[in-house]
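Source file: upload07.txt. Holds: compact mmCIF, C-alpha atoms.
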# COMPACT_ATOMS: atom_id res chain seq x y z
CA MET S 10 -15.47 10.81 -56.54
CA LEU S 11 -18.97 12.26 -56.53
CA TYR S 12 -19.27 12.28 -52.75
CA ASN S 13 -17.14 15.42 -52.99
CA GLU S 14 -19.88 16.93 -55.14
CA TYR S 15 -22.38 16.00 -52.44
CA TYR S 16 -20.24 17.72 -49.82
CA SER S 17 -20.13 20.84 -52.00
CA GLN S 18 -23.90 20.78 -52.48
CA VAL S 19 -24.49 20.39 -48.73
CA CYS S 20 -22.17 23.30 -47.96
CA SER S 21 -23.87 25.42 -50.60
CA VAL S 22 -27.32 24.76 -49.16
CA LEU S 23 -26.19 25.52 -45.61
CA GLU S 24 -24.55 28.73 -46.79
CA ASP S 25 -27.79 29.71 -48.53
CA VAL S 26 -29.69 29.08 -45.29
CA ILE S 27 -27.35 31.28 -43.26
CA GLY S 28 -27.26 33.93 -46.00
CA THR S 29 -31.02 34.19 -46.49
CA GLN S 30 -32.79 32.76 -43.43
CA SER S 31 -30.89 34.18 -40.45
CA ASN S 32 -33.62 36.70 -39.62
CA ALA S 33 -36.29 34.00 -39.66
CA ILE S 34 -34.14 31.66 -37.54
CA GLU S 35 -33.57 34.42 -35.00
CA CYS S 36 -37.31 35.21 -34.90
CA ALA S 37 -37.98 31.53 -34.29
CA GLY S 38 -35.32 31.48 -31.58
CA LYS S 39 -36.96 34.44 -29.86
CA ALA S 40 -40.34 32.70 -29.97
CA ALA S 41 -38.78 29.53 -28.55
CA ALA S 42 -37.07 31.52 -25.77
CA GLU S 43 -40.35 33.18 -24.83
CA CYS S 44 -42.01 29.77 -24.75
CA ILE S 45 -39.35 28.34 -22.44
CA SER S 46 -39.42 31.40 -20.17
CA ARG S 47 -43.13 30.86 -19.55
CA ASP S 48 -42.52 27.15 -18.94
CA GLY S 49 -44.03 26.04 -22.22
CA ILE S 50 -43.08 23.06 -24.36
CA ILE S 51 -41.57 23.18 -27.86
CA TYR S 52 -43.25 20.47 -29.92
CA VAL S 53 -41.62 19.25 -33.14
CA PHE S 54 -43.57 17.38 -35.81
CA GLY S 55 -42.79 15.87 -39.20
CA CYS S 56 -43.86 12.96 -41.39
CA GLY S 57 -41.62 10.40 -43.06
CA HIS S 58 -37.98 11.43 -42.92
CA SER S 59 -39.00 14.86 -41.60
CA HIS S 60 -39.74 13.24 -38.22
CA ILE S 61 -35.95 13.01 -37.84
CA VAL S 62 -35.88 16.74 -37.08
CA GLY S 63 -37.93 16.10 -33.94
CA GLU S 64 -35.74 13.19 -32.89
CA ASP S 65 -32.62 15.27 -33.44
CA LEU S 66 -33.84 17.83 -30.89
CA PHE S 67 -35.33 15.41 -28.39
CA PHE S 68 -33.64 13.99 -25.27
CA ARG S 69 -30.02 14.37 -26.29
CA ALA S 70 -26.81 15.84 -24.95
CA GLY S 71 -26.82 19.59 -25.49
CA GLY S 72 -30.54 19.60 -26.24
CA LEU S 73 -33.35 21.36 -24.44
CA ALA S 74 -35.35 19.24 -22.02
CA SER S 75 -38.46 21.25 -22.84
CA VAL S 76 -38.65 19.76 -26.35
CA CYS S 77 -41.19 17.07 -27.25
CA ALA S 78 -40.85 15.16 -30.51
CA VAL S 79 -44.33 14.35 -31.86
CA LEU S 80 -43.73 10.84 -33.18
CA ASP S 81 -46.67 8.96 -34.65
CA ALA S 82 -45.80 5.45 -35.85
CA ASP S 83 -48.27 5.56 -38.75
CA LEU S 84 -46.45 8.56 -40.20
CA MET S 85 -42.94 7.21 -39.64
CA LEU S 86 -41.03 4.62 -41.63
CA HIS S 87 -40.36 1.76 -39.23
CA GLU S 88 -43.86 0.26 -39.36
CA GLY S 89 -44.39 0.60 -43.10
CA ALA S 90 -42.60 3.15 -45.25
CA GLU S 91 -45.11 3.09 -48.12
CA LYS S 92 -48.00 3.25 -45.67
CA SER S 93 -46.57 6.34 -43.98
CA SER S 94 -46.20 8.07 -47.34
CA CYS S 95 -49.83 7.35 -48.18
CA MET S 96 -51.15 8.39 -44.78
CA GLU S 97 -49.40 11.75 -44.92
CA ARG S 98 -51.86 12.70 -47.65
CA ILE S 99 -55.00 11.69 -45.72
CA SER S 100 -57.10 14.50 -44.30
CA GLY S 101 -58.27 14.32 -40.68
CA ILE S 102 -55.21 12.60 -39.17
CA ALA S 103 -53.55 15.71 -37.75
CA ARG S 104 -56.23 16.65 -35.24
CA PRO S 105 -56.13 13.51 -33.06
CA ILE S 106 -52.31 13.57 -33.07
CA PHE S 107 -52.35 17.18 -31.92
CA ASP S 108 -54.96 16.51 -29.24
CA LYS S 109 -53.13 13.43 -27.96
CA HIS S 110 -50.13 15.52 -26.95
CA GLY S 111 -52.14 18.20 -25.18
CA ILE S 112 -50.50 21.10 -27.01
CA THR S 113 -51.70 24.47 -25.70
CA ASP S 114 -51.35 28.13 -26.59
CA ASN S 115 -48.56 28.30 -24.02
CA ASP S 116 -46.45 26.12 -26.31
CA VAL S 117 -44.76 26.39 -29.72
CA LEU S 118 -45.07 23.91 -32.60
CA ILE S 119 -42.28 23.40 -35.13
CA ILE S 120 -43.41 21.57 -38.28
CA ALA S 121 -40.83 20.20 -40.71
CA SER S 122 -42.00 19.35 -44.21
CA THR S 123 -39.72 19.97 -47.17
CA SER S 124 -42.50 19.87 -49.76
CA GLY S 125 -45.09 21.46 -47.48
CA ILE S 126 -47.93 20.23 -49.67
CA ASN S 127 -49.35 17.13 -47.98
CA ALA S 128 -52.47 17.05 -45.83
CA VAL S 129 -51.11 16.10 -42.41
CA PRO S 130 -48.42 18.78 -41.90
CA VAL S 131 -50.65 21.48 -43.40
CA GLU S 132 -53.65 20.50 -41.27
CA MET S 133 -51.45 20.23 -38.20
CA ALA S 134 -50.49 23.88 -38.71
CA GLN S 135 -54.08 24.91 -39.35
CA TYR S 136 -55.40 23.15 -36.26
CA ALA S 137 -52.61 24.61 -34.16
CA HIS S 138 -53.69 28.08 -35.26
CA GLU S 139 -57.26 27.29 -34.25
CA LYS S 140 -55.90 26.59 -30.78
CA GLY S 141 -53.79 29.75 -30.69
CA VAL S 142 -50.45 27.93 -30.95
CA LEU S 143 -47.54 29.70 -32.65
CA VAL S 144 -46.31 27.63 -35.63
CA ILE S 145 -42.79 27.60 -37.04
CA ALA S 146 -42.44 25.92 -40.45
CA ILE S 147 -39.25 24.47 -41.88
CA THR S 148 -39.92 23.89 -45.56
CA SER S 149 -38.55 24.46 -49.06
CA SER S 150 -39.61 27.32 -51.34
CA ALA S 151 -38.70 25.11 -54.31
CA TYR S 152 -42.17 23.55 -53.94
CA ASP S 153 -44.12 26.81 -53.82
CA ASP S 154 -45.53 26.27 -57.32
CA ASP S 155 -46.48 22.62 -56.74
CA LYS S 156 -50.14 21.74 -56.36
CA PRO S 157 -50.95 21.01 -52.70
CA HIS S 158 -52.17 17.50 -51.84
CA ASN S 159 -54.71 18.62 -49.27
CA GLU S 160 -58.32 19.79 -49.10
CA SER S 161 -57.53 23.41 -48.27
CA GLY S 162 -55.30 23.84 -51.31
CA LYS S 163 -52.65 25.54 -49.19
CA HIS S 164 -48.94 25.07 -48.66
CA LEU S 165 -47.41 24.79 -45.20
CA TYR S 166 -45.75 28.20 -45.52
CA GLU S 167 -49.21 29.78 -45.86
CA CYS S 168 -50.28 28.31 -42.51
CA ALA S 169 -47.31 29.24 -40.32
CA ASP S 170 -46.38 32.28 -38.25
CA ILE S 171 -42.65 31.97 -38.95
CA VAL S 172 -41.38 30.30 -42.14
CA ILE S 173 -37.80 29.12 -42.61
CA ASP S 174 -36.67 27.94 -46.04
CA ASN S 175 -34.31 24.98 -45.86
CA CYS S 176 -33.11 26.00 -49.36
CA VAL S 177 -33.27 22.41 -50.63
CA CYS S 178 -33.79 21.84 -54.34
CA HIS S 179 -36.98 20.41 -55.82
CA GLY S 180 -36.83 16.64 -55.38
CA ASP S 181 -34.32 16.93 -52.50
CA ALA S 182 -31.54 14.83 -54.10
CA ALA S 183 -28.67 16.96 -55.39
CA VAL S 184 -26.06 14.81 -57.16
CA GLN S 185 -26.36 13.55 -60.74
CA ILE S 186 -24.68 10.13 -61.09
CA SER S 187 -25.61 9.77 -64.76
CA THR S 188 -28.25 11.04 -67.17
CA GLU S 189 -29.90 7.62 -67.02
CA LEU S 190 -30.46 7.66 -63.25
CA PRO S 191 -32.38 9.89 -60.84
CA LYS S 192 -30.29 12.23 -58.73
CA VAL S 193 -28.92 10.92 -55.42
CA GLY S 194 -27.75 12.55 -52.20
CA PRO S 195 -30.75 14.10 -50.40
CA ILE S 196 -29.97 17.17 -48.29
CA SER S 197 -33.22 18.06 -46.51
CA THR S 198 -32.43 16.23 -43.27
CA ILE S 199 -29.05 17.93 -42.88
CA SER S 200 -30.44 21.37 -43.66
CA SER S 201 -33.62 21.07 -41.60
CA CYS S 202 -31.78 19.69 -38.58
CA MET S 203 -29.21 22.48 -38.78
CA ILE S 204 -32.04 25.02 -38.82
CA ALA S 205 -33.82 23.38 -35.89
CA GLN S 206 -30.65 23.22 -33.80
CA SER S 207 -29.93 26.85 -34.68
CA ILE S 208 -33.35 27.86 -33.38
CA MET S 209 -32.62 26.12 -30.09
CA ILE S 210 -29.17 27.71 -29.79
CA CYS S 211 -30.68 31.15 -30.42
CA ALA S 212 -33.26 30.50 -27.71
CA GLU S 213 -30.63 29.33 -25.23
CA GLU S 214 -28.45 32.35 -25.95
CA ILE S 215 -31.37 34.73 -25.41
CA LEU S 216 -32.30 33.07 -22.12
CA ALA S 217 -28.72 33.10 -20.88
CA LYS S 218 -28.43 36.83 -21.63
CA GLN S 219 -31.61 37.35 -19.61
CA GLY S 220 -30.03 35.62 -16.64
CA MET S 221 -32.04 32.41 -17.02
CA LYS S 222 -30.59 28.93 -17.12
CA PRO S 223 -32.12 27.01 -20.03
CA PRO S 224 -32.96 23.36 -19.21
CA VAL S 225 -30.20 21.67 -21.20
CA TYR S 226 -29.38 17.97 -21.05
CA MET S 227 -25.78 16.82 -20.61
CA SER S 228 -24.28 13.62 -21.89
CA GLY S 229 -25.01 10.83 -19.44
CA ASN S 230 -21.46 9.64 -20.03
CA ILE S 231 -19.72 12.59 -18.40
CA ALA S 232 -19.47 13.52 -14.72
CA GLY S 233 -22.72 14.92 -13.36
CA GLY S 234 -24.66 14.22 -16.53
CA ARG S 235 -26.96 11.49 -15.26
CA GLU S 236 -27.86 13.42 -12.11
CA ARG S 237 -28.64 16.61 -14.03
CA ASN S 238 -30.69 14.74 -16.61
CA ARG S 239 -32.67 12.86 -13.95
CA ALA S 240 -33.83 16.13 -12.43
CA LEU S 241 -34.94 17.41 -15.83
CA ILE S 242 -36.73 14.18 -16.68
CA ASP S 243 -38.61 14.29 -13.40
CA LYS S 244 -39.67 17.87 -14.14
CA TYR S 245 -40.92 17.33 -17.68
CA ARG S 246 -42.16 13.74 -17.63
CA PRO S 247 -45.74 14.73 -16.65
CA ARG S 248 -46.06 16.81 -19.81
CA ILE S 249 -43.75 15.14 -22.34
CA LYS S 250 -45.29 11.77 -23.08
CA ASN S 251 -42.24 10.31 -24.83
CA LEU S 252 -40.15 10.56 -21.67
Encoded form (C-alpha cells):
Amino acid sequence: MLYNEYYSQVCSVLEDVIGTQSNAIECAGKAAAECISRDGIIYVFGCGHSHIVGEDLFFRAGGLASVCAVLDADLMLHEGAEKSSCMERISGIARPIFDKHGITDNDVLIIASTSGINAVPVEMAQYAHEKGVLVIAITSSAYDDDKPHNESGKHLYECADIVIDNCVCHGDAAVQISTELPKVGPISTISSCMIAQSIMICAEEILAKQGMKPPVYMSGNIAGGRERNRALIDKYRPRIKNL
C-alpha cells in the first residue's frame, strides 16, 4: 500500500533535515537558550497549517513554559479556511498581530512558513527586525525561485537571522496515487514540528549544562505534574496571553 511510500518519504525528509540543517538547528537552540536565560519569551508564528508548529510547542507535557504560540483566528483554519488563505497574502496584517503580543528585543520569534512567499509571514519577520527581535525561519528552499506574494518582493529566508530548511518538496505533498491525480501526503507539518521541537531540546540541553533548570511542563496526569505546571502558569501568565 502507498502509505508505506509516505512513510519512506517522511523518513527521507527527516534524514535530509538532520543531514543538512543540524548546524542551523543548533544555532537556533543556542539563541533560544540565551532568550530563556534572560527571561525572554519564545514566540512562534505561522499561518494556515503552519500555525500547528506553534501549537505543538505551546503548553504541553515536555514543552517549555516560556513559549507563546501566536494564534490569530483570521489566519487559522477553524473560522474560514479559504479566508485564512486569502488573508495571508494581505499586506499590513502582521504589524498589529506583532504589537498585540508585546514582543520585545528580549524575545525570540520563530516563523514557520513552508513557501515563505506570502505577505504576512514575510512582513512579520521584517517588522520583528525593525524592533530588534531575532527571527528564526522554518521554511523550504524548494520555493526559493517562486515569485513572492508580497510588496517587498522578498522570501522569508531573506528576512530571518537563522534559516532552517524543512527540506519539503515543492507543493508539499509527496506521494503519487496516479498520473491523473495531484500528489497526496503532505510532510511539512511533520518536518517543521520536528525542527521546532529539536530547537527546544537543544536549548534545554544547553541550559542544563549551564546549571540552569529550564521551565518545562510535565504531564498533568502524572504525580506532581499539576502542581509544577500551576507554578509555571502563574509565572508566565502576565506575559503569555494565551495562558
Residue neighbourhood stretch 181-185 of chain S, 7 Å, all atoms listed in the file, exclusion window fewer than 2 positions, as a ChimeraX atom specification:
/S:14-15,18,177-179,187,192-197
Give the answer as one residue: which of S:Leu80, S:Ile99, S:Ile145, S:Met203 has the shortest atom-to-atom distance to S:Val129, using only C-alpha atoms?
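Smallest distance to S:Val129 is found for S:Ile99.
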From the options S:Ala37, S:Cys77, S:Ile51, S:Leu23, which residue's atoms come nearest to S:Leu252, counting only C-alpha atoms?
S:Cys77
Using only C-alpha atoms, pick whichever of S:Ile112, S:Ala205, S:Ala121, S:Leu84 has the shortest atom-to-atom distance to S:Ala169.
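Of S:Ile112, S:Ala205, S:Ala121, S:Leu84, the one nearest S:Ala169 is S:Ala121, counting only C-alpha atoms.
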Using all atoms listed in the file, find the one residue out of S:Ser161, S:Ser207, S:Thr148, S:Ser200 that sits nearest to S:Cys20.
S:Ser200
Between atom CA of S:Ala33 and atom CA of S:Glu160 - distance in Å to one decimal
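About the pair atom CA of S:Glu160 and atom CA of S:Ala33: they are 27.9 Å apart.
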Interatomic distance (Å, one decimal) between atom CA of S:Glu88 and atom CA of S:Met133
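The value is 21.4 Å.
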Which centre and which edge lengths, in Å to one decimal, describe the axis-aligned box that holds all listed atoms of stretch 66-84 of chain S after 4 Å is added on each side, as AutoDock Vina command-line options?
--center_x -37.5 --center_y 13.4 --center_z -31.1 --size_x 29.5 --size_y 23.9 --size_z 26.2
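For S:Phe54, the non-local neighbours within 8 Å, defined as residues at least 6 positions apart in the same chain or in other chains and counting all atoms listed in the file, are His60, Val62, Gly63, Ala78, Val79, Leu80, Leu118, Ile119, Ile120, Ala121 and Pro130 of chain S.
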Using Å and a single decimal, report how far atom CA of S:Glu97 sits from atom CA of S:Ile208.
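So the two atoms, atom CA of S:Ile208 and atom CA of S:Glu97, lie 25.5 Å apart.
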Neighbouring residues of S:Asp154 were defined as those with any atom within 12 Å, considering all atoms listed in the file; residues of the same chain fewer than 2 positions away were excluded. Please report them as a ChimeraX atom specification.
/S:124-126,149-152,156-157,162-164,166,179
Test item: residues at most 9 Å from S:Ile210, all atoms listed in the file, excluding those fewer than 4 positions along its chain, as a compact mmCIF listing (two decimals) with C-alpha atoms, keeping the file's coordinate frame:
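Wrote result.txt, looks like this:
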# COMPACT_ATOMS: atom_id res chain seq x y z
CA GLY S 38 -35.32 31.48 -31.58
CA GLY S 72 -30.54 19.60 -26.24
CA ALA S 205 -33.82 23.38 -35.89
CA GLN S 206 -30.65 23.22 -33.80
CA GLU S 214 -28.45 32.35 -25.95
CA ILE S 215 -31.37 34.73 -25.41
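Near (-39.7, 29.9, -27.0), the residues that fall inside 10 Å on the basis of all atoms listed in the file are Cys36, Ala37, Gly38, Lys39, Ala40, Ala41, Ala42, Glu43, Cys44, Ile45, Ser46, Arg47, Asp48, Gly49, Ile50, Ile51, Ser75, Asn115, Asp116, Val117, Leu118, Leu143, Ile208, Met209, Cys211, Ala212, Glu213, Ile215 and Leu216 of chain S.
For the residues S:Ile249, S:Ile231, S:Ala70, S:Val19, ranking by smallest atom-to-atom distance to S:Val53 using all atoms listed in the file places S:Ile249 first.
The residue that comes closest to S:Ile204, out of S:Val172, S:Leu165, S:Cys95, S:Ile106 and on the basis of all atoms listed in the file, is S:Val172.
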Please, can stretch 101-119 of chain S be completed to N, CA and C atoms and returned as a PDB file, in the coordinates of the input?
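Now in result-v6.pdb:
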ATOM      1  N   GLY S 101     -57.634  14.686 -41.944  1.00  0.00           N
ATOM      2  CA  GLY S 101     -58.270  14.320 -40.680  1.00  0.00           C
ATOM      3  C   GLY S 101     -57.359  13.634 -39.684  1.00  0.00           C
ATOM      4  N   ILE S 102     -56.128  13.303 -40.064  1.00  0.00           N
ATOM      5  CA  ILE S 102     -55.210  12.600 -39.170  1.00  0.00           C
ATOM      6  C   ILE S 102     -54.543  13.547 -38.176  1.00  0.00           C
ATOM      7  N   ALA S 103     -54.317  14.775 -38.585  1.00  0.00           N
ATOM      8  CA  ALA S 103     -53.550  15.710 -37.750  1.00  0.00           C
ATOM      9  C   ALA S 103     -54.229  16.018 -36.426  1.00  0.00           C
ATOM     10  N   ARG S 104     -55.524  16.207 -36.445  1.00  0.00           N
ATOM     11  CA  ARG S 104     -56.230  16.650 -35.240  1.00  0.00           C
ATOM     12  C   ARG S 104     -56.058  15.699 -34.057  1.00  0.00           C
ATOM     13  N   PRO S 105     -56.311  14.394 -34.214  1.00  0.00           N
ATOM     14  CA  PRO S 105     -56.130  13.510 -33.060  1.00  0.00           C
ATOM     15  C   PRO S 105     -54.683  13.418 -32.576  1.00  0.00           C
ATOM     16  N   ILE S 106     -53.711  13.563 -33.480  1.00  0.00           N
ATOM     17  CA  ILE S 106     -52.310  13.570 -33.070  1.00  0.00           C
ATOM     18  C   ILE S 106     -52.025  14.795 -32.217  1.00  0.00           C
ATOM     19  N   PHE S 107     -52.500  15.935 -32.661  1.00  0.00           N
ATOM     20  CA  PHE S 107     -52.350  17.180 -31.920  1.00  0.00           C
ATOM     21  C   PHE S 107     -52.989  17.065 -30.546  1.00  0.00           C
ATOM     22  N   ASP S 108     -54.224  16.599 -30.508  1.00  0.00           N
ATOM     23  CA  ASP S 108     -54.960  16.510 -29.240  1.00  0.00           C
ATOM     24  C   ASP S 108     -54.314  15.519 -28.272  1.00  0.00           C
ATOM     25  N   LYS S 109     -53.757  14.453 -28.796  1.00  0.00           N
ATOM     26  CA  LYS S 109     -53.130  13.430 -27.960  1.00  0.00           C
ATOM     27  C   LYS S 109     -52.014  14.009 -27.110  1.00  0.00           C
ATOM     28  N   HIS S 110     -51.292  14.961 -27.652  1.00  0.00           N
ATOM     29  CA  HIS S 110     -50.130  15.520 -26.950  1.00  0.00           C
ATOM     30  C   HIS S 110     -50.493  16.689 -26.050  1.00  0.00           C
ATOM     31  N   GLY S 111     -51.724  17.135 -26.082  1.00  0.00           N
ATOM     32  CA  GLY S 111     -52.140  18.200 -25.180  1.00  0.00           C
ATOM     33  C   GLY S 111     -51.443  19.522 -25.414  1.00  0.00           C
ATOM     34  N   ILE S 112     -51.178  19.850 -26.667  1.00  0.00           N
ATOM     35  CA  ILE S 112     -50.500  21.100 -27.010  1.00  0.00           C
ATOM     36  C   ILE S 112     -51.430  22.275 -26.718  1.00  0.00           C
ATOM     37  N   THR S 113     -50.893  23.311 -26.072  1.00  0.00           N
ATOM     38  CA  THR S 113     -51.700  24.470 -25.700  1.00  0.00           C
ATOM     39  C   THR S 113     -51.099  25.743 -26.273  1.00  0.00           C
ATOM     40  N   ASP S 114     -51.836  26.848 -26.086  1.00  0.00           N
ATOM     41  CA  ASP S 114     -51.350  28.130 -26.590  1.00  0.00           C
ATOM     42  C   ASP S 114     -50.180  28.675 -25.785  1.00  0.00           C
ATOM     43  N   ASN S 115     -49.769  27.958 -24.761  1.00  0.00           N
ATOM     44  CA  ASN S 115     -48.560  28.300 -24.020  1.00  0.00           C
ATOM     45  C   ASN S 115     -47.307  27.720 -24.674  1.00  0.00           C
ATOM     46  N   ASP S 116     -47.529  26.869 -25.677  1.00  0.00           N
ATOM     47  CA  ASP S 116     -46.450  26.120 -26.310  1.00  0.00           C
ATOM     48  C   ASP S 116     -46.136  26.668 -27.701  1.00  0.00           C
ATOM     49  N   VAL S 117     -45.139  26.088 -28.339  1.00  0.00           N
ATOM     50  CA  VAL S 117     -44.760  26.390 -29.720  1.00  0.00           C
ATOM     51  C   VAL S 117     -44.691  25.084 -30.489  1.00  0.00           C
ATOM     52  N   LEU S 118     -45.111  25.113 -31.751  1.00  0.00           N
ATOM     53  CA  LEU S 118     -45.070  23.910 -32.600  1.00  0.00           C
ATOM     54  C   LEU S 118     -44.184  24.177 -33.808  1.00  0.00           C
ATOM     55  N   ILE S 119     -43.129  23.379 -33.946  1.00  0.00           N
ATOM     56  CA  ILE S 119     -42.280  23.400 -35.130  1.00  0.00           C
ATOM     57  C   ILE S 119     -42.724  22.262 -36.042  1.00  0.00           C
TER      58      ILE S 119
END
